[in-house]
Every structure is written in structure tokens, then in C-alpha cells.
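Here's structure.txt, which has compact mmCIF, C-alpha atoms and all ligand atoms:
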# COMPACT_ATOMS: atom_id res chain seq x y z
CA MET A 1 -19.37 12.31 8.75
CA SER A 2 -22.53 11.60 6.79
CA ALA A 3 -22.40 8.71 4.33
CA LEU A 4 -20.91 9.71 0.99
CA PHE A 5 -22.88 7.11 -0.98
CA PRO A 6 -25.93 4.93 -0.28
CA GLU A 7 -25.15 1.99 1.98
CA ALA A 8 -25.66 -0.63 -0.74
CA ILE A 9 -22.95 1.06 -2.80
CA LEU A 10 -20.55 1.56 0.13
CA ASN A 11 -20.89 -2.12 1.06
CA ALA A 12 -19.83 -3.15 -2.45
CA ILE A 13 -16.64 -1.02 -2.40
CA PRO A 14 -13.29 -2.36 -1.08
CA ALA A 15 -12.72 -1.27 2.55
CA GLU A 16 -9.47 0.47 1.62
CA LEU A 17 -11.36 2.78 -0.77
CA ARG A 18 -14.29 3.32 1.59
CA GLU A 19 -11.81 4.84 4.06
CA VAL A 20 -10.32 7.33 1.57
CA PRO A 21 -12.75 10.25 2.25
CA GLU A 22 -12.23 10.00 6.01
CA LYS A 23 -8.43 9.94 5.54
CA VAL A 24 -8.70 13.03 3.32
CA ARG A 25 -10.81 14.79 5.97
CA ALA A 26 -8.38 13.90 8.77
CA LEU A 27 -5.37 15.17 6.79
CA THR A 28 -6.84 18.27 5.09
CA GLY A 29 -9.98 19.24 7.03
CA ILE A 30 -11.97 18.93 3.77
CA GLU A 31 -15.15 16.89 3.92
CA VAL A 32 -15.56 15.07 0.62
CA VAL A 33 -19.14 15.33 -0.64
CA ALA A 34 -21.00 13.58 -3.44
CA ALA A 35 -23.64 15.39 -5.47
CA PRO A 36 -25.57 14.63 -8.66
CA PHE A 37 -24.76 16.79 -11.69
CA ASP A 38 -27.00 19.84 -11.58
CA GLU A 39 -27.97 22.17 -14.39
CA ALA A 40 -25.61 24.93 -13.27
CA PHE A 41 -22.62 22.55 -13.33
CA ILE A 42 -23.52 21.16 -16.78
CA ARG A 43 -24.00 24.69 -18.14
CA ALA A 44 -20.55 25.67 -16.85
CA ASN A 45 -18.96 22.36 -17.98
CA PRO A 46 -20.85 21.18 -21.08
CA ASP A 47 -18.15 18.62 -21.86
CA PHE A 48 -19.17 16.66 -18.76
CA ALA A 49 -22.78 16.32 -19.92
CA ARG A 50 -22.05 12.74 -21.06
CA ALA A 51 -19.74 11.72 -18.20
CA SER A 52 -21.06 9.31 -15.58
CA ALA A 53 -19.05 10.96 -12.80
CA VAL A 54 -16.27 13.45 -12.23
CA LEU A 55 -14.02 14.33 -9.31
CA ASP A 56 -13.96 18.06 -8.66
CA ILE A 57 -11.04 19.13 -6.42
CA ASP A 58 -10.86 22.81 -5.54
CA PRO A 59 -8.11 23.51 -2.99
CA ARG A 60 -8.70 27.26 -3.17
CA HIS A 61 -12.27 26.87 -1.97
CA THR A 62 -11.31 23.86 0.18
CA SER A 63 -13.89 21.66 -1.46
CA ILE A 64 -13.82 18.19 -2.98
CA THR A 65 -16.97 17.00 -4.73
CA ILE A 66 -17.66 13.73 -6.50
CA ARG A 67 -20.29 14.69 -9.08
CA PHE A 68 -22.26 11.91 -10.71
CA ALA A 69 -25.09 11.36 -13.16
CA ARG A 70 -28.10 10.49 -11.01
CA ASP A 71 -29.15 7.28 -12.80
CA ALA A 72 -25.61 6.08 -13.48
CA LEU A 73 -24.19 5.82 -9.95
CA ASN A 74 -23.07 2.33 -8.95
CA ALA A 75 -20.28 0.72 -6.92
CA ARG A 76 -17.90 0.54 -9.88
CA ILE A 77 -18.21 4.28 -10.56
CA ALA A 78 -17.91 5.13 -6.85
CA SER A 79 -14.71 3.04 -6.62
CA HIS A 80 -13.35 4.67 -9.77
CA GLU A 81 -13.74 8.20 -8.36
CA LEU A 82 -12.36 7.17 -4.96
CA ILE A 83 -9.25 5.73 -6.64
CA HIS A 84 -8.80 9.07 -8.46
CA LEU A 85 -9.20 10.84 -5.10
CA LYS A 86 -6.68 8.56 -3.38
CA ARG A 87 -4.07 9.08 -6.09
CA ASN A 88 -4.64 12.84 -6.37
CA VAL A 89 -4.79 13.79 -2.72
CA LEU A 90 -3.34 11.00 -0.57
CA GLU A 91 -0.57 10.00 -2.99
CA SER A 92 0.07 13.43 -4.58
CA ALA A 93 0.43 12.00 -8.09
CA PRO A 94 1.78 14.64 -10.52
CA LYS A 95 -0.88 15.94 -12.91
CA PHE A 96 -1.26 17.97 -16.09
CA PHE A 97 -3.28 21.15 -15.56
CA PRO A 98 -4.31 23.57 -18.31
CA GLN A 99 -2.80 27.00 -17.80
CA ALA A 100 -5.14 29.91 -17.16
CA GLY A 101 -4.48 31.29 -20.66
CA ALA A 102 -5.39 28.06 -22.47
CA GLU A 103 -8.31 28.20 -24.88
CA HIS A 104 -11.31 26.05 -24.02
CA ALA A 105 -10.47 23.35 -26.58
CA GLN A 106 -6.82 23.27 -25.45
CA ALA A 107 -7.88 22.97 -21.81
CA GLN A 108 -10.18 20.05 -22.71
CA THR A 109 -7.34 18.32 -24.58
CA ILE A 110 -5.02 18.73 -21.59
CA LEU A 111 -7.62 17.29 -19.20
CA LEU A 112 -8.10 14.39 -21.61
CA LEU A 113 -4.34 13.72 -21.70
CA GLU A 114 -4.17 13.80 -17.91
CA ASN A 115 -7.09 11.38 -17.69
CA ALA A 116 -5.51 9.07 -20.28
CA LEU A 117 -2.34 8.73 -18.16
CA GLU A 118 -4.22 8.51 -14.87
CA HIS A 119 -6.53 5.78 -16.17
CA LEU A 120 -3.50 3.54 -16.73
CA PHE A 121 -3.38 3.43 -12.90
CA VAL A 122 -7.03 3.85 -11.92
CA VAL A 123 -8.74 1.36 -14.24
CA PRO A 124 -6.61 -1.73 -13.36
CA GLU A 125 -7.35 -1.08 -9.67
CA GLU A 126 -11.04 -0.66 -10.47
CA ILE A 127 -11.03 -3.92 -12.48
CA ALA A 128 -9.38 -5.74 -9.57
CA ALA A 129 -12.18 -4.53 -7.27
CA HIS A 130 -15.25 -5.17 -9.45
CA ALA A 131 -16.00 -8.31 -11.43
CA ASP A 132 -18.11 -6.49 -14.06
CA SER A 133 -15.62 -3.70 -14.63
CA GLU A 134 -13.39 -5.18 -17.34
CA ALA A 135 -16.35 -6.00 -19.59
CA TRP A 136 -17.63 -2.43 -19.12
CA TRP A 137 -14.28 -0.95 -20.16
CA VAL A 138 -14.07 -3.27 -23.17
CA ARG A 139 -17.45 -1.99 -24.39
CA GLU A 140 -16.51 1.63 -23.60
CA CYS A 141 -13.16 1.33 -25.37
CA ALA A 142 -14.64 -0.39 -28.44
CA GLU A 143 -17.11 2.46 -28.82
CA ALA A 144 -14.44 5.11 -28.21
CA ILE A 145 -12.19 3.55 -30.89
CA ARG A 146 -15.04 3.55 -33.42
CA GLY A 147 -15.76 7.19 -32.53
CA ALA A 148 -12.10 8.17 -32.96
CA ASP A 149 -11.77 7.00 -36.57
CA GLY A 150 -9.56 9.50 -38.41
CA HIS A 151 -8.34 11.08 -35.16
CA GLY A 152 -4.81 9.66 -35.06
CA PHE A 153 -3.67 10.98 -31.71
CA THR A 154 -6.86 9.92 -29.92
CA LEU A 155 -6.44 6.44 -31.43
CA ALA A 156 -2.82 6.38 -30.18
CA LEU A 157 -4.07 7.09 -26.64
CA HIS A 158 -6.66 4.28 -26.96
CA TRP A 159 -3.89 1.99 -28.20
CA LEU A 160 -1.84 2.80 -25.11
CA PHE A 161 -4.83 1.98 -22.88
CA LEU A 162 -5.44 -1.31 -24.70
CA ARG A 163 -1.81 -2.44 -24.41
CA GLN A 164 -1.43 -1.39 -20.76
CA VAL A 165 -4.87 -2.22 -19.33
CA LEU A 166 -7.03 -4.40 -21.63
CA THR A 167 -4.13 -6.59 -22.69
CA ARG A 168 -6.22 -9.74 -23.22
CA HIS A 169 -8.46 -8.20 -25.89
CA GLU A 170 -6.64 -8.84 -29.16
CA ASP A 171 -9.77 -8.20 -31.25
CA LEU A 172 -9.93 -4.63 -29.95
CA ALA A 173 -6.19 -4.18 -30.60
CA HIS A 174 -6.67 -5.38 -34.20
CA ASP A 175 -9.50 -2.90 -34.74
CA CYS A 176 -7.49 -0.03 -33.22
CA ALA A 177 -4.36 -0.94 -35.22
CA ALA A 178 -6.32 -1.01 -38.51
CA ARG A 179 -7.64 2.49 -37.85
CA LEU A 180 -4.18 3.73 -36.77
CA ASN A 181 -2.72 2.45 -40.04
CA ARG A 182 -5.15 4.66 -41.94
CA ALA A 183 -3.96 7.77 -40.01
CA PRO A 184 -0.51 8.48 -41.48
CA GLY A 185 2.29 8.74 -38.90
CA PHE A 186 0.17 7.82 -35.91
CA ALA A 187 0.89 4.07 -35.86
CA ARG A 188 4.52 5.02 -35.20
CA ILE A 189 3.54 7.44 -32.41
CA ALA A 190 1.28 4.77 -30.87
CA ALA A 191 4.10 2.19 -30.92
CA HIS A 192 6.52 4.70 -29.41
CA LEU A 193 4.09 5.57 -26.60
CA GLU A 194 3.37 1.90 -25.90
CA GLN A 195 7.05 0.95 -25.61
CA GLN A 196 8.27 3.98 -23.67
CA ILE A 197 5.35 4.17 -21.25
CA ARG A 198 5.55 0.45 -20.51
CA LYS A 199 9.22 1.02 -19.56
CA ALA A 200 8.45 4.08 -17.42
CA PHE A 201 5.35 2.72 -15.63
CA PRO A 202 4.56 3.33 -12.72
CA ASP A 203 6.72 6.48 -12.61
CA LYS A 204 4.05 9.00 -13.62
CA ALA A 205 6.47 11.94 -13.86
CA ALA A 206 8.52 9.95 -16.40
CA MET A 207 5.33 8.96 -18.26
CA GLN A 208 4.35 12.64 -18.45
CA GLN A 209 7.71 13.47 -20.03
CA ILE A 210 7.16 10.81 -22.71
CA LEU A 211 3.72 12.19 -23.52
CA LEU A 212 5.00 15.79 -23.54
CA GLY A 213 7.61 14.67 -26.07
CA VAL A 214 4.99 13.80 -28.69
CA LEU A 215 2.61 16.75 -28.18
CA SER A 216 2.41 19.74 -30.47
CA PRO A 217 4.11 22.85 -29.02
CA ALA A 218 0.73 24.64 -29.01
CA ILE A 219 -0.61 22.17 -26.45
CA ARG A 220 2.65 21.52 -24.62
CA GLU A 221 3.20 25.19 -23.77
CA ARG A 222 -0.30 25.39 -22.22
CA ILE A 223 0.40 22.58 -19.72
CA THR A 224 1.42 23.08 -16.12
CA VAL A 225 2.67 20.03 -14.24
CA ALA A 226 1.62 20.19 -10.61
CA ARG A 227 0.37 18.02 -7.78
CA TYR A 228 -1.91 18.34 -4.81
CA GLN A 229 0.05 18.28 -1.60
CA ILE A 230 -0.97 18.15 2.05
CA ARG A 231 1.00 20.56 4.23
CA ASP A 232 0.19 21.90 7.70
CA GLY A 233 -3.18 20.13 7.66
CA ARG A 234 -4.26 21.82 4.42
CA LEU A 235 -4.45 20.94 0.75
CA HIS A 236 -2.18 22.92 -1.57
CA THR A 237 -1.36 22.83 -5.26
CA GLU A 238 2.39 22.58 -5.82
CA ARG A 239 3.79 23.43 -9.21
CA LEU A 240 6.51 21.09 -10.47
CA ALA A 241 9.35 22.22 -12.67
CA LEU A 242 9.52 20.88 -16.22
CA PRO A 243 12.96 19.61 -17.19
CA ASP A 244 14.53 21.47 -20.13
ZN ZN A 301 -11.58 8.44 -14.42

What would you get if you wrote out this structure as C-alpha cells?
Ligand SMILES: [Zn+2]
Amino acid sequence: MSALFPEAILNAIPAELREVPEKVRALTGIEVVAAPFDEAFIRANPDFARASAVLDIDPRHTSITIRFARDALNARIASHELIHLKRNVLESAPKFFPQAGAEHAQAQTILLLENALEHLFVVPEEIAAHADSEAWWVRECAEAIRGADGHGFTLALHWLFLRQVLTRHEDLAHDCAARLNRAPGFARIAAHLEQQIRKAFPDKAAMQQILLGVLSPAIRERITVARYQIRDGRLHTERLALPD
């Protein structure tokens, strides 16, 4: 297998994560590749134009690609995507997928919700692996909170992230809480999510149910819960039933 990332990056990644692509290949036959964002991909996925990297899993075409912004790639980002890959493929974590009939904006919201839950697992592992990671997420989160002013539900998701992952950063929590208090009803939703998800963690299926419980029907009915599963040496997508 050719090297997924430059050697300097691979050497700065925990050994357990470095081995993830080879494990995926041995179990599914899919060779994980890494490729910089190209124009065709950005045109097809304009929402990723500002992302530093994204994991693109396509079981139907038996391909898994870690796409990254050429000047942004570093060990922290490589670890982050490999943790996503490990949880998605090797651990079959349940995921929210937008249904085929979802409108573009709905599909983006559903992917954002999935990422918000998944980051409660991925980011702490990334922080444990890279000394500079927590400071990066603090800056990222501070900016995201400022950008979400007036968007109550987005602020509630940031609040959840702060209370589960960046628990030592009271100044950020104060800022987020002040903005939540100006978005009527959302401080209550944020507190509900914080309490219930803390109780359910790390049971992702239970966490998904809690999140589904606060979503508008318009979004909820466009979500499929499914997981990637390895069977007979191949990668499949297995739909999971939603409880009534
Ligand atoms: Zn991520």
C-alpha cells in the first residue's frame, strides 16, 4: 500500500490511527486514498469549500477518500479524519444520513447534526493525541459561536460541544450562554441536550434519539439512521430502525 500521507505527518500520528487504513483494506478490500480538494469536488460540494478536510465514504463505488485542503494538511487533521474513519467503518457507529428526497439545505443540516454528535467522540480523541489540538478547537469554537449569533439551535449544538469536550473553557461557555439567552427558548433546549446527552454518552444510538426528540418534524422525517457494516469482506450500509 502506498503511503496515505507524507512521512512527516504519518510519524506524528498515534500508531493505532496509522494502522486504520490497512485494517480497513484487510477487512473490506477498499484501499483508502487521500487527495486534495479539486475543482470538480468543490463545484459538486460547495459547502466544503471552507473545510480543511472531509472523509468521503462511498460503499456503492467501493471507495474511501480523505479529501483535504492542500495547504491545510497537518498531523492533527490527518488524525481527525482517521478517527472518523475508525468509528465509521471499523466500529460501525450509527449515523444520520439525509434521505434521497431531502432538499439541499435539509441534507446539509442533517450532515451538520451527524457531525455535531460524532465530534463529541472524535475531538476528545484528537485532543489526547495532539498537544496543539485543544487550543485550535477553542479558537474554532469561539469563532463559530460568534458566527452563530441569533441562530438558537446552532448555539445549542455549540453549547453541547463546550460542555462535553471543552469543559475547562468557562469564558467560552459564558459567551455562548449569553447568546443563547437572547434566542428565546433555546437556552432550555441547550440545557436539555447537555443533561440528556451527558447521561447517554457514549451510547450514540441513545444520543441520536435525544437529538431527534428536539428536531423539527421537517428535518426529522428526512433522516435515515444507518451504519456502515463489514460483511463477507465487503462494506455495506445497513439501515437501522427508528423506535416509534
Ligand atoms: Zn470531523

Neighbouring residues of ligand ZN 301 (chain A) are defined here as those with any atom at most 9 Å from a ligand atom, counting all atoms listed in the file; list them as a PyMOL selection string. chain A and resi 53-55+77+80-81+83-84+115-116+118-119+122-123

At most 9 Å from (-3.6, 14.8, -6.8), file frame, all atoms listed in the file: which residues, as a PyMOL selection string? chain A and resi 57+84-95+226-229+237

Okay, now the selection with C-alpha atoms, as a tab-separated table (two decimals), in the coordinates of the input?
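Written file, part-v1.tsv:
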chain	number	residue	atom	x	y	z
A	57	ILE	CA	-11.04	19.13	-6.42
A	84	HIS	CA	-8.80	9.07	-8.46
A	85	LEU	CA	-9.20	10.84	-5.10
A	86	LYS	CA	-6.68	8.56	-3.38
A	87	ARG	CA	-4.07	9.08	-6.09
A	88	ASN	CA	-4.64	12.84	-6.37
A	89	VAL	CA	-4.79	13.79	-2.72
A	90	LEU	CA	-3.34	11.00	-0.57
A	91	GLU	CA	-0.57	10.00	-2.99
A	92	SER	CA	0.07	13.43	-4.58
A	93	ALA	CA	0.43	12.00	-8.09
A	94	PRO	CA	1.78	14.64	-10.52
A	95	LYS	CA	-0.88	15.94	-12.91
A	226	ALA	CA	1.62	20.19	-10.61
A	227	ARG	CA	0.37	18.02	-7.78
A	228	TYR	CA	-1.91	18.34	-4.81
A	229	GLN	CA	0.05	18.28	-1.60
A	237	THR	CA	-1.36	22.83	-5.26

When you look at range 3-6 of chain A with a cut-off of 10 Å (counting all atoms listed in the file), what residues show up, excluding the ones that are within fewer than 2 positions of it in the same chain? I need them as a list in words.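 Residues meeting the cut-off are Met1, Ala8, Ile9, Leu10, Asn11, Arg18, Pro21, Glu31, Val32, Val33, Ala34, Ala35, Ile66, Leu73, Asn74, Ala75 and Ala78 of chain A.
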
Closest of A:Phe37, A:Phe186, A:Phe68, A:Phe97 to Arg220 in chain A, counting all atoms listed in the file, is A:Phe97

By how many Å are CA of Met207 in chain A and CA of Leu166 in chain A apart?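 Taking CA of Met207 in chain A and CA of Leu166 in chain A, their separation equals 18.5 Å.
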
Closest to Ala218 in chain A among A:Ser63, A:Arg234, A:Gln99, A:Leu82, using only C-alpha atoms?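 Distance minimum relative to Ala218 in chain A lands on A:Gln99.
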
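Distances to Val165 in chain A were evaluated for A:Ser79, A:Gln208, A:Gln196, A:Ser133 using all atoms listed in the file, and the minimum falls at A:Ser133.
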
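Nearest to Glu238 in chain A of all the residues A:Pro46, A:Thr224, A:Leu117, A:Ala144 is A:Thr224, counting only C-alpha atoms.
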
Please list as a list of chain:residue names every residue within 7 Å of Ala183 in chain A, counting all atoms listed in the file and excluding residues in the same chain fewer than 3 positions away.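 My reading of the contact set: A:Gly150, A:Gly152, A:Arg179, A:Leu180, A:Phe186.
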
What separates CA of Ala129 in chain A and CA of Gln195 in chain A is a distance of 27.1 Å

Counting only C-alpha atoms, the residue of A:Phe121, A:Phe161, A:Trp137, A:Phe48 that sits nearest Gln108 in chain A: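 The answer is A:Phe48, which sits nearest to Gln108 in chain A.
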
Can you tell me how far CA of Val24 in chain A sits from CA of Glu39 in chain A, in Å to one decimal?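 Value for the CA of Val24 in chain A-CA of Glu39 in chain A distance: 27.7 Å.
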
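Remark: for Pro59 in chain A, the closest of the candidate residues A:Thr28, A:Arg43, A:Leu112, A:Ile219 is A:Thr28 (distances computed over all atoms listed in the file).
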
I need every residue sitting at most 10 Å from the point (-14.5, -0.4, -29.4) (coordinates as in the file, all atoms listed in the file considered), written as a tab-separated table (two decimals) with C-alpha atoms, keeping the file's coordinate frame.
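Result file part_8.tsv:
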chain	number	residue	atom	x	y	z
A	137	TRP	CA	-14.28	-0.95	-20.16
A	138	VAL	CA	-14.07	-3.27	-23.17
A	139	ARG	CA	-17.45	-1.99	-24.39
A	140	GLU	CA	-16.51	1.63	-23.60
A	141	CYS	CA	-13.16	1.33	-25.37
A	142	ALA	CA	-14.64	-0.39	-28.44
A	143	GLU	CA	-17.11	2.46	-28.82
A	144	ALA	CA	-14.44	5.11	-28.21
A	145	ILE	CA	-12.19	3.55	-30.89
A	146	ARG	CA	-15.04	3.55	-33.42
A	147	GLY	CA	-15.76	7.19	-32.53
A	148	ALA	CA	-12.10	8.17	-32.96
A	158	HIS	CA	-6.66	4.28	-26.96
A	171	ASP	CA	-9.77	-8.20	-31.25
A	172	LEU	CA	-9.93	-4.63	-29.95
A	173	ALA	CA	-6.19	-4.18	-30.60
A	175	ASP	CA	-9.50	-2.90	-34.74
A	176	CYS	CA	-7.49	-0.03	-33.22

Compile the contact shell of Pro98 in chain A as a compact mmCIF listing (two decimals) with C-alpha atoms, in the frame of the given file: residues with an atom at most 6 Å away, counting all atoms listed in the file, same-chain residues fewer than 3 positions apart removed.
# COMPACT_ATOMS: atom_id res chain seq x y z
CA ALA A 107 -7.88 22.97 -21.81
CA ILE A 110 -5.02 18.73 -21.59
CA ARG A 222 -0.30 25.39 -22.22
CA ILE A 223 0.40 22.58 -19.72

Please, could N, CA and C atoms be added to range 84-99 of chain A and the result written as an mmCIF file, in the frame of the given file?
data_model
loop_
_atom_site.group_PDB
_atom_site.id
_atom_site.type_symbol
_atom_site.label_atom_id
_atom_site.label_comp_id
_atom_site.auth_asym_id
_atom_site.auth_seq_id
_atom_site.Cartn_x
_atom_site.Cartn_y
_atom_site.Cartn_z
ATOM 1 N N HIS A 84 -9.329 7.772 -8.022
ATOM 2 C CA HIS A 84 -8.800 9.070 -8.460
ATOM 3 C C HIS A 84 -8.469 9.944 -7.243
ATOM 4 N N LEU A 85 -9.386 10.000 -6.291
ATOM 5 C CA LEU A 85 -9.200 10.840 -5.100
ATOM 6 C C LEU A 85 -7.969 10.402 -4.309
ATOM 7 N N LYS A 86 -7.834 9.101 -4.116
ATOM 8 C CA LYS A 86 -6.680 8.560 -3.380
ATOM 9 C C LYS A 86 -5.378 8.969 -4.058
ATOM 10 N N ARG A 87 -5.318 8.779 -5.375
ATOM 11 C CA ARG A 87 -4.070 9.080 -6.090
ATOM 12 C C ARG A 87 -3.794 10.593 -6.110
ATOM 13 N N ASN A 88 -4.835 11.383 -6.299
ATOM 14 C CA ASN A 88 -4.640 12.840 -6.370
ATOM 15 C C ASN A 88 -4.238 13.433 -5.036
ATOM 16 N N VAL A 89 -4.960 13.084 -3.993
ATOM 17 C CA VAL A 89 -4.790 13.790 -2.720
ATOM 18 C C VAL A 89 -3.888 13.022 -1.754
ATOM 19 N N LEU A 90 -4.138 11.731 -1.558
ATOM 20 C CA LEU A 90 -3.340 11.000 -0.570
ATOM 21 C C LEU A 90 -1.966 10.637 -1.106
ATOM 22 N N GLU A 91 -1.857 10.411 -2.424
ATOM 23 C CA GLU A 91 -0.570 10.000 -2.990
ATOM 24 C C GLU A 91 0.102 11.112 -3.781
ATOM 25 N N SER A 92 -0.534 12.272 -3.910
ATOM 26 C CA SER A 92 0.070 13.430 -4.580
ATOM 27 C C SER A 92 0.651 13.095 -5.948
ATOM 28 N N ALA A 93 -0.072 12.332 -6.749
ATOM 29 C CA ALA A 93 0.430 12.000 -8.090
ATOM 30 C C ALA A 93 0.563 13.288 -8.918
ATOM 31 N N PRO A 94 1.662 13.452 -9.676
ATOM 32 C CA PRO A 94 1.780 14.640 -10.520
ATOM 33 C C PRO A 94 0.713 14.636 -11.612
ATOM 34 N N LYS A 95 0.218 15.830 -11.956
ATOM 35 C CA LYS A 95 -0.880 15.940 -12.910
ATOM 36 C C LYS A 95 -0.608 17.034 -13.933
ATOM 37 N N PHE A 96 -1.227 16.881 -15.117
ATOM 38 C CA PHE A 96 -1.260 17.970 -16.090
ATOM 39 C C PHE A 96 -2.443 18.868 -15.758
ATOM 40 N N PHE A 97 -2.196 20.170 -15.702
ATOM 41 C CA PHE A 97 -3.280 21.150 -15.560
ATOM 42 C C PHE A 97 -3.199 22.103 -16.739
ATOM 43 N N PRO A 98 -4.353 22.518 -17.272
ATOM 44 C CA PRO A 98 -4.310 23.570 -18.310
ATOM 45 C C PRO A 98 -3.952 24.901 -17.653
ATOM 46 N N GLN A 99 -3.121 25.680 -18.322
ATOM 47 C CA GLN A 99 -2.800 27.000 -17.800
ATOM 48 C C GLN A 99 -3.995 27.926 -17.950
#
